[in-house]
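Quick look at upload00.txt (compact mmCIF, C-alpha atoms):
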```
# COMPACT_ATOMS: atom_id res chain seq x y z
CA MET Q 1 -74.74 -13.02 -22.06
CA TYR Q 2 -78.48 -12.83 -21.54
CA SER Q 3 -79.16 -12.60 -25.24
CA ASP Q 4 -77.34 -15.94 -25.61
CA TRP Q 5 -79.50 -17.48 -22.89
CA LEU Q 6 -82.65 -16.15 -24.55
CA GLY Q 7 -81.54 -17.53 -27.91
CA ILE Q 8 -80.68 -20.93 -26.50
CA GLU Q 9 -84.06 -21.32 -24.81
CA HIS Q 10 -85.84 -20.28 -27.99
CA ALA Q 11 -83.75 -22.57 -30.22
CA ALA Q 12 -84.50 -25.46 -27.86
CA GLY Q 13 -88.21 -24.75 -28.13
CA ASN Q 14 -88.34 -24.17 -24.38
CA ARG Q 15 -91.01 -21.49 -24.11
CA GLN Q 16 -91.11 -21.68 -20.32
CA GLY Q 17 -87.31 -21.31 -20.19
CA LEU Q 18 -87.55 -18.29 -22.48
CA HIS Q 19 -90.07 -16.66 -20.15
CA THR Q 20 -87.86 -17.48 -17.15
CA ALA Q 21 -84.85 -15.86 -18.84
CA ILE Q 22 -86.87 -12.76 -19.75
CA SER Q 23 -88.17 -12.43 -16.20
CA ARG Q 24 -84.65 -12.76 -14.80
CA VAL Q 25 -83.29 -10.09 -17.14
CA GLN Q 26 -86.13 -7.75 -16.18
CA GLN Q 27 -85.59 -8.40 -12.45
CA LEU Q 28 -81.88 -7.64 -12.69
CA ASP Q 29 -82.54 -4.44 -14.56
CA GLN Q 30 -84.92 -3.33 -11.80
CA VAL Q 31 -82.46 -4.22 -9.05
CA LEU Q 32 -79.63 -2.44 -10.85
CA ASP Q 33 -81.93 0.48 -11.68
CA CYS Q 34 -81.14 0.42 -15.37
CA SER Q 35 -83.15 -0.18 -18.49
CA LEU Q 36 -82.85 -2.88 -21.09
CA GLU Q 37 -80.77 -2.04 -24.11
CA MET Q 38 -82.75 -1.50 -27.30
CA GLU Q 39 -81.18 -4.60 -28.85
CA THR Q 40 -82.28 -6.75 -25.91
CA ARG Q 41 -85.84 -5.40 -26.05
CA GLN Q 42 -85.96 -6.09 -29.79
CA LEU Q 43 -84.62 -9.61 -29.32
CA ILE Q 44 -87.23 -10.35 -26.65
CA ASN Q 45 -90.01 -9.11 -28.93
CA GLU Q 46 -88.71 -11.13 -31.87
CA LEU Q 47 -88.39 -14.33 -29.86
CA LEU Q 48 -91.80 -13.97 -28.24
CA ASN Q 49 -93.45 -13.35 -31.59
CA SER Q 50 -91.68 -16.02 -33.62
CA PRO Q 51 -92.54 -19.70 -33.68
CA THR Q 52 -90.20 -22.14 -32.03
CA PRO Q 53 -88.04 -24.31 -34.29
CA GLU Q 54 -90.36 -27.25 -33.58
CA ALA Q 55 -93.40 -25.26 -34.63
CA ARG Q 56 -91.69 -24.23 -37.88
CA LYS Q 57 -90.97 -27.90 -38.68
CA ALA Q 58 -94.67 -28.72 -38.29
CA LEU Q 59 -95.54 -26.19 -41.00
```
Do you think you could lay out the structure here as structure tokens?
Amino acid sequence: MYSDWLGIEHAAGNRQGLHTAISRVQQLDQVLDCSLEMETRQLINELLNSPTPEARKAL
């Protein structure tokens, strides 16, 4: 579910929304005393390090 939210914010070019979603996922993991799945950590890294769709269009 959270990976969908992260992807939607990224696809919309909403960098602030992406950061909000990441923060929320991290907060929940702390409250639930669990760690992010490897796939979720990889997705976060990919989205943070890739240009938004709008930025790609400008290239």
Which residue, Q:Leu32, Q:Tyr2, Q:Gly17, Q:Gly7, has the smallest gap to Q:Leu47 when you use all atoms listed in the file?
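Smallest separation from Q:Leu47 among the options: Q:Gly7.
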I'd like the neighbourhood of Q:Ala21 as a ChimeraX atom specification, where a residue qualifies if any of its atoms comes within 9 Å (using all atoms listed in the file), though same-chain residues fewer than 5 positions away should be ignored.
/Q:2,5-6,9,16,26
Report, in Å with one decimal, the straight-line distance from atom CA of Q:Ser23 to atom CA of Q:His10.
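Rounded to one decimal, the two atoms are 14.4 Å apart.
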Between atom CA of Q:Arg41 and atom CA of Q:Ile22, what distance in Å does the model show, to one decimal?
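Value for the atom CA of Q:Arg41-atom CA of Q:Ile22 distance: 9.7 Å.
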Given only C-alpha atoms as the counted atoms, nearest of Q:Val25, Q:Arg15, Q:Pro51, Q:Val31 to Q:Met1:
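Among Q:Val25, Q:Arg15, Q:Pro51, Q:Val31, it is Q:Val25 that comes nearest to Q:Met1.
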I'd like the interatomic distance between atom CA of Q:Leu18 and atom CA of Q:Leu48, to a tenth of an Å.
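Here the two named atoms are 8.4 Å from each other.
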Just so I have it separately, write stretch 6-50 of chain Q from the block I sent, keeping N, CA and C atoms, as a tab-separated table (two decimals), in the first residue's frame.
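And here is the file that came out, result-v6.tsv:
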```
chain	number	residue	atom	x	y	z
Q	6	LEU	N	3.89	6.02	-2.52
Q	6	LEU	CA	5.17	6.59	-2.92
Q	6	LEU	C	5.23	6.77	-4.43
Q	7	GLY	N	4.80	5.75	-5.16
Q	7	GLY	CA	4.82	5.81	-6.62
Q	7	GLY	C	3.91	6.88	-7.18
Q	8	ILE	N	2.75	7.03	-6.58
Q	8	ILE	CA	1.79	8.04	-7.04
Q	8	ILE	C	2.36	9.44	-6.85
Q	9	GLU	N	2.93	9.70	-5.69
Q	9	GLU	CA	3.50	11.03	-5.43
Q	9	GLU	C	4.65	11.32	-6.40
Q	10	HIS	N	5.46	10.32	-6.65
Q	10	HIS	CA	6.58	10.50	-7.58
Q	10	HIS	C	6.07	10.75	-9.00
Q	11	ALA	N	5.12	9.93	-9.44
Q	11	ALA	CA	4.58	10.07	-10.80
Q	11	ALA	C	3.92	11.43	-11.00
Q	12	ALA	N	3.34	11.97	-9.92
Q	12	ALA	CA	2.70	13.28	-10.00
Q	12	ALA	C	3.71	14.42	-9.94
Q	13	GLY	N	4.96	14.08	-9.69
Q	13	GLY	CA	5.98	15.12	-9.57
Q	13	GLY	C	5.89	15.87	-8.26
Q	14	ASN	N	5.23	15.29	-7.27
Q	14	ASN	CA	5.01	15.93	-5.98
Q	14	ASN	C	6.12	15.51	-5.02
Q	15	ARG	N	7.23	16.22	-5.09
Q	15	ARG	CA	8.39	15.88	-4.25
Q	15	ARG	C	8.06	16.01	-2.77
Q	16	GLN	N	7.33	17.04	-2.40
Q	16	GLN	CA	6.96	17.22	-0.99
Q	16	GLN	C	6.06	16.07	-0.54
Q	17	GLY	N	5.13	15.66	-1.38
Q	17	GLY	CA	4.26	14.53	-1.06
Q	17	GLY	C	5.04	13.24	-0.91
Q	18	LEU	N	6.07	13.07	-1.74
Q	18	LEU	CA	6.93	11.89	-1.64
Q	18	LEU	C	7.64	11.88	-0.30
Q	19	HIS	N	8.17	13.01	0.11
Q	19	HIS	CA	8.86	13.10	1.40
Q	19	HIS	C	7.88	12.87	2.55
Q	20	THR	N	6.67	13.36	2.42
Q	20	THR	CA	5.65	13.13	3.45
Q	20	THR	C	5.35	11.64	3.56
Q	21	ALA	N	5.18	10.97	2.44
Q	21	ALA	CA	4.88	9.53	2.44
Q	21	ALA	C	6.04	8.75	3.06
Q	22	ILE	N	7.26	9.10	2.71
Q	22	ILE	CA	8.43	8.42	3.27
Q	22	ILE	C	8.48	8.60	4.78
Q	23	SER	N	8.27	9.83	5.23
Q	23	SER	CA	8.28	10.10	6.67
Q	23	SER	C	7.21	9.29	7.39
Q	24	ARG	N	6.04	9.21	6.80
Q	24	ARG	CA	4.94	8.45	7.42
Q	24	ARG	C	5.28	6.97	7.52
Q	25	VAL	N	5.84	6.41	6.47
Q	25	VAL	CA	6.24	5.00	6.48
Q	25	VAL	C	7.27	4.77	7.58
Q	26	GLN	N	8.25	5.66	7.68
Q	26	GLN	CA	9.29	5.51	8.68
Q	26	GLN	C	8.73	5.65	10.10
Q	27	GLN	N	7.79	6.57	10.29
Q	27	GLN	CA	7.16	6.74	11.61
Q	27	GLN	C	6.39	5.48	12.02
Q	28	LEU	N	5.63	4.93	11.10
Q	28	LEU	CA	4.87	3.72	11.41
Q	28	LEU	C	5.78	2.55	11.74
Q	29	ASP	N	6.87	2.44	11.03
Q	29	ASP	CA	7.80	1.36	11.32
Q	29	ASP	C	8.40	1.50	12.72
Q	30	GLN	N	8.67	2.73	13.14
Q	30	GLN	CA	9.19	2.96	14.48
Q	30	GLN	C	8.14	2.63	15.53
Q	31	VAL	N	6.91	3.07	15.31
Q	31	VAL	CA	5.83	2.81	16.26
Q	31	VAL	C	5.57	1.31	16.38
Q	32	LEU	N	5.60	0.62	15.26
Q	32	LEU	CA	5.33	-0.82	15.25
Q	32	LEU	C	6.57	-1.64	15.57
Q	33	ASP	N	7.70	-0.96	15.76
Q	33	ASP	CA	8.97	-1.61	16.09
Q	33	ASP	C	9.34	-2.68	15.06
Q	34	CYS	N	9.28	-2.28	13.81
Q	34	CYS	CA	9.69	-3.19	12.74
Q	34	CYS	C	10.55	-2.39	11.76
Q	35	SER	N	11.18	-3.09	10.86
Q	35	SER	CA	12.03	-2.39	9.90
Q	35	SER	C	11.41	-2.47	8.51
Q	36	LEU	N	11.78	-1.52	7.70
Q	36	LEU	CA	11.28	-1.49	6.32
Q	36	LEU	C	11.75	-2.73	5.57
Q	37	GLU	N	10.89	-3.23	4.73
Q	37	GLU	CA	11.29	-4.34	3.87
Q	37	GLU	C	12.34	-3.83	2.88
Q	38	MET	N	13.18	-4.73	2.44
Q	38	MET	CA	14.25	-4.38	1.50
Q	38	MET	C	13.67	-3.73	0.25
Q	39	GLU	N	12.56	-4.25	-0.26
Q	39	GLU	CA	11.94	-3.71	-1.46
Q	39	GLU	C	11.50	-2.26	-1.25
Q	40	THR	N	10.97	-1.97	-0.06
Q	40	THR	CA	10.52	-0.61	0.23
Q	40	THR	C	11.71	0.32	0.32
Q	41	ARG	N	12.77	-0.10	0.97
Q	41	ARG	CA	13.99	0.73	1.06
Q	41	ARG	C	14.55	0.99	-0.33
Q	42	GLN	N	14.57	-0.03	-1.18
Q	42	GLN	CA	15.08	0.15	-2.54
Q	42	GLN	C	14.20	1.12	-3.33
Q	43	LEU	N	12.89	0.98	-3.18
Q	43	LEU	CA	11.97	1.88	-3.88
Q	43	LEU	C	12.19	3.32	-3.45
Q	44	ILE	N	12.32	3.54	-2.16
Q	44	ILE	CA	12.55	4.90	-1.64
Q	44	ILE	C	13.83	5.47	-2.24
Q	45	ASN	N	14.90	4.69	-2.25
Q	45	ASN	CA	16.16	5.16	-2.82
Q	45	ASN	C	16.03	5.47	-4.30
Q	46	GLU	N	15.34	4.60	-5.03
Q	46	GLU	CA	15.16	4.83	-6.47
Q	46	GLU	C	14.37	6.10	-6.73
Q	47	LEU	N	13.28	6.29	-5.98
Q	47	LEU	CA	12.44	7.46	-6.22
Q	47	LEU	C	13.13	8.75	-5.81
Q	48	LEU	N	13.89	8.72	-4.73
Q	48	LEU	CA	14.60	9.92	-4.31
Q	48	LEU	C	15.72	10.29	-5.26
Q	49	ASN	N	16.27	9.30	-5.93
Q	49	ASN	CA	17.41	9.56	-6.81
Q	49	ASN	C	17.06	9.63	-8.29
Q	50	SER	N	15.77	9.55	-8.61
Q	50	SER	CA	15.38	9.65	-10.01
Q	50	SER	C	14.62	10.96	-10.22
```
